[in-house]
file structure_30.cif (mmCIF, C-alpha atoms)
data_data
loop_
_atom_site.group_PDB
_atom_site.id
_atom_site.type_symbol
_atom_site.label_atom_id
_atom_site.label_comp_id
_atom_site.auth_asym_id
_atom_site.auth_seq_id
_atom_site.Cartn_x
_atom_site.Cartn_y
_atom_site.Cartn_z
ATOM 1 C CA VAL A 1 -0.667 28.097 -11.981
ATOM 2 C CA ILE A 2 -0.067 25.690 -14.859
ATOM 3 C CA ALA A 3 -0.898 27.265 -18.198
ATOM 4 C CA ARG A 4 -2.150 25.184 -21.110
ATOM 5 C CA ASP A 5 0.363 26.445 -23.661
ATOM 6 C CA ARG A 6 1.613 23.426 -25.615
ATOM 7 C CA PRO A 7 0.076 21.822 -28.720
ATOM 8 C CA TYR A 8 -0.185 18.432 -26.975
ATOM 9 C CA GLU A 9 -2.118 19.876 -24.005
ATOM 10 C CA ASP A 10 -5.897 19.930 -23.928
ATOM 11 C CA PRO A 11 -8.084 21.776 -21.375
ATOM 12 C CA THR A 12 -8.005 18.895 -18.892
ATOM 13 C CA LEU A 13 -4.321 18.639 -17.785
ATOM 14 C CA TYR A 14 -5.292 15.481 -15.925
ATOM 15 C CA ASP A 15 -3.986 13.259 -13.086
ATOM 16 C CA PRO A 16 -1.301 15.513 -11.538
ATOM 17 C CA VAL A 17 1.328 14.254 -9.104
ATOM 18 C CA VAL A 18 3.378 16.820 -7.145
ATOM 19 C CA LEU A 19 6.429 15.971 -5.036
ATOM 20 C CA LEU A 20 8.736 18.181 -3.002
ATOM 21 C CA ASP A 21 12.026 16.670 -4.113
ATOM 22 C CA GLU A 22 15.409 18.000 -2.978
ATOM 23 C CA GLY A 23 14.271 21.583 -2.566
ATOM 24 C CA ARG A 24 12.050 21.901 -5.634
ATOM 25 C CA TYR A 25 8.488 20.991 -6.487
ATOM 26 C CA ARG A 26 8.154 18.506 -9.318
ATOM 27 C CA LEU A 27 4.913 17.952 -11.221
ATOM 28 C CA TRP A 28 3.941 15.162 -13.610
ATOM 29 C CA TYR A 29 0.624 15.427 -15.420
ATOM 30 C CA ARG A 30 -1.341 13.794 -18.196
ATOM 31 C CA THR A 31 -1.383 16.403 -20.941
ATOM 32 C CA ASN A 32 -4.411 15.176 -22.881
ATOM 33 C CA PHE A 33 -7.580 13.281 -22.087
ATOM 34 C CA ASN A 34 -9.709 12.679 -25.153
ATOM 35 C CA GLU A 35 -7.495 11.299 -27.884
ATOM 36 C CA ALA A 36 -4.663 8.745 -27.914
ATOM 37 C CA PRO A 37 -1.753 8.628 -27.795
ATOM 38 C CA PHE A 38 -1.672 10.052 -24.295
ATOM 39 C CA TYR A 39 1.315 12.026 -23.049
ATOM 40 C CA THR A 40 2.804 12.705 -19.633
ATOM 41 C CA GLY A 41 4.327 16.160 -19.177
ATOM 42 C CA TYR A 42 6.713 17.480 -16.555
ATOM 43 C CA ALA A 43 7.061 20.859 -14.818
ATOM 44 C CA GLU A 44 9.019 22.151 -11.849
ATOM 45 C CA SER A 45 8.907 25.048 -9.406
ATOM 46 C CA VAL A 46 10.879 26.485 -6.506
ATOM 47 C CA ASP A 47 7.827 27.931 -4.753
ATOM 48 C CA GLY A 48 4.846 25.852 -5.943
ATOM 49 C CA VAL A 49 3.330 28.895 -7.657
ATOM 50 C CA HIS A 50 5.615 29.765 -10.563
ATOM 51 C CA TRP A 51 6.202 26.744 -12.795
ATOM 52 C CA THR A 52 8.481 26.058 -15.748
ATOM 53 C CA LYS A 53 8.181 23.320 -18.343
ATOM 54 C CA PRO A 54 11.774 22.444 -19.250
ATOM 55 C CA SER A 55 12.710 21.213 -22.699
ATOM 56 C CA LEU A 56 13.813 17.629 -22.039
ATOM 57 C CA GLY A 57 14.432 16.211 -25.512
ATOM 58 C CA LEU A 58 13.031 12.793 -24.576
ATOM 59 C CA ILE A 59 9.796 12.283 -26.541
ATOM 60 C CA GLU A 60 9.058 13.289 -30.107
ATOM 61 C CA PHE A 61 5.903 15.260 -30.815
ATOM 62 C CA GLY A 62 5.115 16.834 -34.177
ATOM 63 C CA GLY A 63 8.604 16.075 -35.482
ATOM 64 C CA SER A 64 10.398 17.757 -32.557
ATOM 65 C CA ARG A 65 11.825 16.755 -29.173
ATOM 66 C CA ASP A 66 11.786 20.344 -27.898
ATOM 67 C CA ASN A 67 9.142 19.721 -25.230
ATOM 68 C CA ASN A 68 8.556 18.746 -21.608
ATOM 69 C CA LEU A 69 7.208 15.245 -22.311
ATOM 70 C CA VAL A 70 8.476 12.241 -20.339
ATOM 71 C CA TRP A 71 6.155 9.485 -21.607
ATOM 72 C CA SER A 72 3.881 8.687 -24.508
ATOM 73 C CA SER A 73 1.412 5.832 -24.638
ATOM 74 C CA ALA A 74 2.575 5.245 -28.215
ATOM 75 C CA LEU A 75 6.015 4.160 -26.935
ATOM 76 C CA GLY A 76 5.153 0.959 -25.116
ATOM 77 C CA PRO A 77 3.228 -2.272 -25.586
ATOM 78 C CA GLY A 78 -0.489 -1.997 -25.068
ATOM 79 C CA GLU A 79 -0.229 1.800 -24.927
ATOM 80 C CA PRO A 80 0.297 2.279 -21.153
ATOM 81 C CA CYS A 81 -0.666 5.715 -19.823
ATOM 82 C CA VAL A 82 -1.857 7.614 -16.719
ATOM 83 C CA LEU A 83 1.298 7.459 -14.618
ATOM 84 C CA SER A 84 1.070 7.609 -10.828
ATOM 85 C CA ILE A 85 4.588 8.546 -9.730
ATOM 86 C CA PHE A 86 6.416 8.498 -6.401
ATOM 87 C CA LYS A 87 10.000 8.576 -5.165
ATOM 88 C CA ASP A 88 11.017 5.364 -3.440
ATOM 89 C CA PRO A 89 12.535 6.191 -0.014
ATOM 90 C CA GLU A 90 13.954 2.717 0.588
ATOM 91 C CA PRO A 91 17.774 2.838 1.008
ATOM 92 C CA ALA A 92 18.105 -0.552 -0.731
ATOM 93 C CA CYS A 93 16.246 0.660 -3.826
ATOM 94 C CA PRO A 94 18.420 0.361 -6.975
ATOM 95 C CA ALA A 95 19.490 3.769 -8.309
ATOM 96 C CA ASP A 96 17.835 3.128 -11.673
ATOM 97 C CA GLN A 97 14.494 2.534 -9.876
ATOM 98 C CA ARG A 98 14.555 5.459 -7.434
ATOM 99 C CA TYR A 99 11.356 6.799 -9.003
ATOM 100 C CA LYS A 100 8.527 4.361 -9.528
ATOM 101 C CA ALA A 101 5.079 4.508 -11.078
ATOM 102 C CA THR A 102 2.126 2.464 -12.074
ATOM 103 C CA CYS A 103 0.516 3.038 -15.444
ATOM 104 C CA LEU A 104 -2.769 1.985 -16.951
ATOM 105 C CA VAL A 105 -2.638 -0.584 -19.719
ATOM 106 C CA HIS A 106 -5.277 -2.401 -21.757
ATOM 107 C CA LEU A 107 -4.200 -5.839 -22.974
ATOM 108 C CA ASP A 108 -6.704 -8.049 -24.766
ATOM 109 C CA GLY A 109 -9.425 -5.559 -23.842
ATOM 110 C CA LYS A 110 -8.841 -5.919 -20.076
ATOM 111 C CA PRO A 111 -7.409 -3.068 -17.955
ATOM 112 C CA GLY A 112 -4.510 -3.506 -15.588
ATOM 113 C CA LEU A 113 -1.628 -1.653 -13.988
ATOM 114 C CA CYS A 114 1.972 -2.058 -15.122
ATOM 115 C CA ALA A 115 5.057 -1.193 -13.076
ATOM 116 C CA MET A 116 7.527 1.436 -14.275
ATOM 117 C CA ALA A 117 10.828 2.811 -12.977
ATOM 118 C CA SER A 118 13.152 5.736 -13.580
ATOM 119 C CA PRO A 119 16.515 6.887 -12.200
ATOM 120 C CA ASP A 120 15.515 10.570 -12.286
ATOM 121 C CA GLY A 121 11.744 10.827 -12.733
ATOM 122 C CA LEU A 122 12.217 11.770 -16.377
ATOM 123 C CA GLN A 123 13.468 8.714 -18.265
ATOM 124 C CA TRP A 124 10.914 5.934 -17.785
ATOM 125 C CA ARG A 125 10.811 2.249 -18.645
ATOM 126 C CA LEU A 126 8.393 -0.590 -18.033
ATOM 127 C CA LEU A 127 9.731 -3.080 -15.498
ATOM 128 C CA ARG A 128 7.841 -5.801 -17.306
ATOM 129 C CA ARG A 129 5.245 -6.004 -20.052
ATOM 130 C CA GLU A 130 2.601 -7.905 -18.089
ATOM 131 C CA PRO A 131 0.390 -5.980 -15.653
ATOM 132 C CA VAL A 132 1.193 -6.352 -11.966
ATOM 133 C CA LEU A 133 -2.421 -5.705 -10.916
ATOM 134 C CA THR A 134 -5.366 -6.980 -12.939
ATOM 135 C CA GLU A 135 -8.344 -7.141 -10.554
ATOM 136 C CA GLY A 136 -10.116 -3.791 -10.771
ATOM 137 C CA ALA A 137 -11.561 -1.181 -13.100
ATOM 138 C CA PHE A 138 -8.580 1.229 -12.875
ATOM 139 C CA ASP A 139 -10.724 3.958 -14.468
ATOM 140 C CA SER A 140 -9.352 6.933 -12.527
ATOM 141 C CA HIS A 141 -5.985 8.098 -11.225
ATOM 142 C CA ASN A 142 -4.553 5.061 -9.450
ATOM 143 C CA ILE A 143 -2.484 5.987 -6.396
ATOM 144 C CA VAL A 144 0.695 4.125 -5.431
ATOM 145 C CA PHE A 145 3.425 4.784 -2.848
ATOM 146 C CA HIS A 146 5.826 3.141 -0.411
ATOM 147 C CA ASP A 147 4.322 2.806 3.055
ATOM 148 C CA ALA A 148 7.352 2.988 5.357
ATOM 149 C CA ALA A 149 5.318 2.194 8.485
ATOM 150 C CA ARG A 150 4.179 -1.127 7.001
ATOM 151 C CA GLY A 151 7.324 -1.813 4.960
ATOM 152 C CA CYS A 152 5.548 -2.378 1.659
ATOM 153 C CA TYR A 153 4.263 -0.725 -1.494
ATOM 154 C CA VAL A 154 0.574 0.151 -1.490
ATOM 155 C CA ALA A 155 -1.788 0.880 -4.367
ATOM 156 C CA TYR A 156 -5.325 2.268 -4.262
ATOM 157 C CA TYR A 157 -7.403 1.931 -7.412
ATOM 158 C CA ARG A 158 -10.990 2.107 -8.628
ATOM 159 C CA ASP A 159 -13.388 -0.780 -8.931
ATOM 160 C CA PHE A 160 -17.148 -1.293 -8.654
ATOM 161 C CA LEU A 161 -19.340 -3.044 -6.091
ATOM 162 C CA ASP A 162 -22.925 -3.733 -7.148
ATOM 163 C CA GLY A 163 -22.609 -1.115 -9.875
ATOM 164 C CA VAL A 164 -21.342 1.572 -7.477
ATOM 165 C CA ARG A 165 -17.849 3.052 -7.638
ATOM 166 C CA HIS A 166 -15.581 1.628 -4.984
ATOM 167 C CA ILE A 167 -11.881 1.423 -4.033
ATOM 168 C CA ARG A 168 -9.590 -1.613 -4.028
ATOM 169 C CA ARG A 169 -6.225 -1.918 -2.364
ATOM 170 C CA GLY A 170 -3.143 -3.923 -3.239
ATOM 171 C CA THR A 171 0.198 -4.445 -1.484
ATOM 172 C CA SER A 172 3.639 -5.589 -2.583
ATOM 173 C CA LEU A 173 7.060 -6.181 -1.072
ATOM 174 C CA ASP A 174 9.011 -5.814 -4.334
ATOM 175 C CA PHE A 175 6.754 -3.701 -6.622
ATOM 176 C CA LEU A 176 6.386 -6.608 -9.080
ATOM 177 C CA GLN A 177 4.481 -9.277 -7.132
ATOM 178 C CA TRP A 178 1.252 -7.780 -5.815
ATOM 179 C CA LYS A 179 -1.425 -9.099 -3.492
ATOM 180 C CA ASP A 180 -4.979 -7.924 -4.100
ATOM 181 C CA ASP A 181 -6.290 -6.955 -0.644
ATOM 182 C CA GLY A 182 -9.796 -6.587 -2.046
ATOM 183 C CA LEU A 183 -12.327 -3.809 -1.681
ATOM 184 C CA ILE A 184 -11.945 -1.373 1.195
ATOM 185 C CA ASP A 185 -14.765 -1.671 3.725
ATOM 186 C CA LEU A 186 -16.502 1.707 3.772
ATOM 187 C CA SER A 187 -19.773 0.512 5.302
ATOM 188 C CA ASP A 188 -19.395 2.687 8.396
ATOM 189 C CA GLY A 189 -17.687 5.556 6.591
ATOM 190 C CA ILE A 190 -14.249 4.581 7.876
ATOM 191 C CA ALA A 191 -11.861 2.511 5.778
ATOM 192 C CA THR A 192 -10.735 -0.647 7.539
ATOM 193 C CA LEU A 193 -7.717 -2.154 5.863
ATOM 194 C CA GLY A 194 -7.498 -5.519 7.558
ATOM 195 C CA HIS A 195 -4.385 -7.660 7.385
ATOM 196 C CA LEU A 196 -1.678 -6.778 4.894
ATOM 197 C CA PHE A 197 -0.290 -10.244 4.175
#
call {"tool": "encode", "arguments": {"input": "structure_30.cif", "output": "structure tokens"}}
result
Amino acid sequence: VIARDRPYEDPTLYDPVVLLDEGRYRLWYRTNFNEAPFYTGYAESVDGVHWTKPSLGLIEFGGSRDNNLVWSSALGPGEPCVLSIFKDPEPACPADQRYKATCLVHLDGKPGLCAMASPDGLQWRLLRREPVLTEGAFDSHNIVFHDAARGCYVAYYRDFLDGVRHIRRGTSLDFLQWKDDGLIDLSDGIATLGHLF
């Protein structure tokens, strides 16, 4: 349903996030996989089948801003990329942080996740330069959201245990100070999350 029809898109169209947001489906996706800088594109749909890629005028590519790009890893320190986006449902959330994301960053050769925010899901900024999560491999799409039942932000991200791919979990009350909850226990095939704080 999403055609690869832009010069900055390669065959992968990686790490999609889809939200039903005020009557329309909104999609963010990594447009390219193999060569930096990496870009995040945006599309929207009323039915989830027919998608448009609006011209947003936010990011320059090939000398033009006539594109659907919302982020480029060339824009920020340490080249952050691979956005995992969600809409913050908390009533107390500041309007300019209604949409939040984590993004992968490599600083001094070590991967981590930085925190980002946006008022509209289109215009993004780093909340701070330093990563908010640093313990993990982060080598896949890292998932983050607000867990209303537990009253905190939750992140799930890749790591390794004895050379085998595994999943870590982190939690935060403010999206900037995170607690590493460690590896999820999958020994019996069921994830046990333990205590949050």
call {"tool": "closest_residue", "arguments": {"input": "structure_30.cif", "among": "A:Glu9, A:Asp96, A:Asp88, A:Glu130", "to": "Phe145 in chain A", "atoms": "all atoms listed in the file"}}
result
A:Asp88
call {"tool": "resolve_selection", "arguments": {"input": "structure_30.cif", "expression": "the PyMOL selection byres ((chain A and resi 166) around 12)", "output": "number ranges by chain"}}
result
A: 136-140, 156-165, 167-169, 182-187, 191
call {"tool": "resolve_selection", "arguments": {"input": "structure_30.cif", "expression": "the PyMOL selection byres ((chain A and resi 112-114) around 9)", "output": "number ranges by chain"}}
result
A: 80, 101-107, 110-111, 115-116, 126-138, 142, 176
call {"tool": "residues_around", "arguments": {"input": "structure_30.cif", "residues": "Arg6 in chain A", "least_positions_apart": "3", "cutoff": "12 Å", "atoms": "only C-alpha atoms", "output": "list in words"}}
result
Ile2, Ala3, Glu9, Asp10, Pro11, Leu13, Thr31, Asn32, Tyr39, Gly41, Tyr42, Lys53, Ser55, Phe61, Gly62, Asp66, Asn67, Asn68 and Leu69 of chain A
call {"tool": "residues_around", "arguments": {"input": "structure_30.cif", "residues": "Tyr14 in chain A", "least_positions_apart": "2", "cutoff": "9 Å", "atoms": "all atoms listed in the file", "output": "PyMOL selection string"}}
result
chain A and resi 11-12+16+29-33+82+141
call {"tool": "resolve_selection", "arguments": {"input": "structure_30.cif", "expression": "the PyMOL selection byres ((chain A and resi 22) around 12)", "output": "ChimeraX atom specification"}}
result
/A:19-21,23-26,44-46,87,120
call {"tool": "atom_distance", "arguments": {"input": "structure_30.cif", "atom1": "CA of Val1 in chain A", "atom2": "CA of Leu27 in chain A"}}
result
11.6 Å
call {"tool": "residues_around", "arguments": {"input": "structure_30.cif", "residues": "Leu122 in chain A", "least_positions_apart": "2", "cutoff": "9 Å", "atoms": "only C-alpha atoms", "output": "NGL selection string"}}
result
:A and (42 or 56 or 58 or 69-71 or 99 or 118-120 or 124)
call {"tool": "atom_distance", "arguments": {"input": "structure_30.cif", "atom1": "CA of Thr40 in chain A", "atom2": "CA of Thr52 in chain A"}}
result
15.0 Å
call {"tool": "atom_distance", "arguments": {"input": "structure_30.cif", "atom1": "CA of Gly151 in chain A", "atom2": "CA of Ile85 in chain A"}}
result
18.2 Å
call {"tool": "closest_residue", "arguments": {"input": "structure_30.cif", "among": "A:Asp147, A:Gln177, A:Glu60, A:Cys81", "to": "Asp15 in chain A", "atoms": "all atoms listed in the file"}}
result
A:Cys81
call {"tool": "closest_residue", "arguments": {"input": "structure_30.cif", "among": "A:Gly48, A:Arg65, A:Asp180, A:Ser73", "to": "Ala36 in chain A", "atoms": "only C-alpha atoms"}}
result
A:Ser73
call {"tool": "closest_residue", "arguments": {"input": "structure_30.cif", "among": "A:Gly170, A:Asp108, A:Trp28, A:Asp5", "to": "Glu79 in chain A", "atoms": "all atoms listed in the file"}}
result
A:Asp108
call {"tool": "closest_residue", "arguments": {"input": "structure_30.cif", "among": "A:Asp47, A:Tyr8, A:Lys100, A:Ala74", "to": "Arg125 in chain A", "atoms": "only C-alpha atoms"}}
result
A:Lys100
call {"tool": "axis_aligned_box", "arguments": {"input": "structure_30.cif", "around": "range 157-165 of chain A", "padding_each_side": "5 Å", "output": "JSON"}}
result
{"center_x": -15.2, "center_y": -0.3, "center_z": -8.0, "size_x": 25.5, "size_y": 16.8, "size_z": 13.8}
call {"tool": "build_atoms", "arguments": {"input": "structure_30.cif", "residues": "range 56-73 of chain A", "atoms": "N, CA and C atoms", "output": "mmCIF file, in the frame of the given file"}}
result
data_model
loop_
_atom_site.group_PDB
_atom_site.id
_atom_site.type_symbol
_atom_site.label_atom_id
_atom_site.label_comp_id
_atom_site.auth_asym_id
_atom_site.auth_seq_id
_atom_site.Cartn_x
_atom_site.Cartn_y
_atom_site.Cartn_z
ATOM 1 N N LEU A 56 13.090 18.823 -22.485
ATOM 2 C CA LEU A 56 13.813 17.629 -22.039
ATOM 3 C C LEU A 56 14.430 16.821 -23.167
ATOM 4 N N GLY A 57 13.883 16.930 -24.373
ATOM 5 C CA GLY A 57 14.432 16.211 -25.512
ATOM 6 C C GLY A 57 14.235 14.706 -25.465
ATOM 7 N N LEU A 58 13.209 14.235 -24.769
ATOM 8 C CA LEU A 58 13.031 12.793 -24.576
ATOM 9 C C LEU A 58 12.021 12.158 -25.523
ATOM 10 N N ILE A 59 10.910 12.843 -25.783
ATOM 11 C CA ILE A 59 9.796 12.283 -26.541
ATOM 12 C C ILE A 59 9.547 13.158 -27.767
ATOM 13 N N GLU A 60 9.345 12.524 -28.893
ATOM 14 C CA GLU A 60 9.058 13.289 -30.107
ATOM 15 C C GLU A 60 7.572 13.589 -30.209
ATOM 16 N N PHE A 61 7.272 14.848 -30.531
ATOM 17 C CA PHE A 61 5.903 15.260 -30.815
ATOM 18 C C PHE A 61 5.939 16.241 -31.979
ATOM 19 N N GLY A 62 5.171 15.953 -33.022
ATOM 20 C CA GLY A 62 5.115 16.834 -34.177
ATOM 21 C C GLY A 62 6.455 17.037 -34.844
ATOM 22 N N GLY A 63 7.300 15.999 -34.831
ATOM 23 C CA GLY A 63 8.604 16.075 -35.482
ATOM 24 C C GLY A 63 9.683 16.763 -34.664
ATOM 25 N N SER A 64 9.419 17.061 -33.389
ATOM 26 C CA SER A 64 10.398 17.757 -32.557
ATOM 27 C C SER A 64 10.464 17.122 -31.170
ATOM 28 N N ARG A 65 11.639 17.190 -30.564
ATOM 29 C CA ARG A 65 11.825 16.755 -29.173
ATOM 30 C C ARG A 65 11.971 17.951 -28.229
ATOM 31 N N ASP A 66 11.708 19.134 -28.714
ATOM 32 C CA ASP A 66 11.786 20.344 -27.898
ATOM 33 C C ASP A 66 10.481 20.492 -27.111
ATOM 34 N N ASN A 67 10.360 19.727 -26.030
ATOM 35 C CA ASN A 67 9.142 19.721 -25.230
ATOM 36 C C ASN A 67 9.431 19.195 -23.830
ATOM 37 N N ASN A 68 8.424 19.194 -22.996
ATOM 38 C CA ASN A 68 8.556 18.746 -21.608
ATOM 39 C C ASN A 68 7.931 17.363 -21.371
ATOM 40 N N LEU A 69 7.847 16.560 -22.412
ATOM 41 C CA LEU A 69 7.208 15.245 -22.311
ATOM 42 C C LEU A 69 8.178 14.192 -21.780
ATOM 43 N N VAL A 70 7.664 13.327 -20.885
ATOM 44 C CA VAL A 70 8.476 12.241 -20.339
ATOM 45 C C VAL A 70 7.948 10.859 -20.709
ATOM 46 N N TRP A 71 6.708 10.789 -21.223
ATOM 47 C CA TRP A 71 6.155 9.485 -21.607
ATOM 48 C C TRP A 71 5.056 9.678 -22.641
ATOM 49 N N SER A 72 4.971 8.728 -23.542
ATOM 50 C CA SER A 72 3.881 8.687 -24.508
ATOM 51 C C SER A 72 3.322 7.281 -24.549
ATOM 52 N N SER A 73 2.015 7.163 -24.583
ATOM 53 C CA SER A 73 1.412 5.832 -24.638
ATOM 54 C C SER A 73 1.729 5.132 -25.948
#
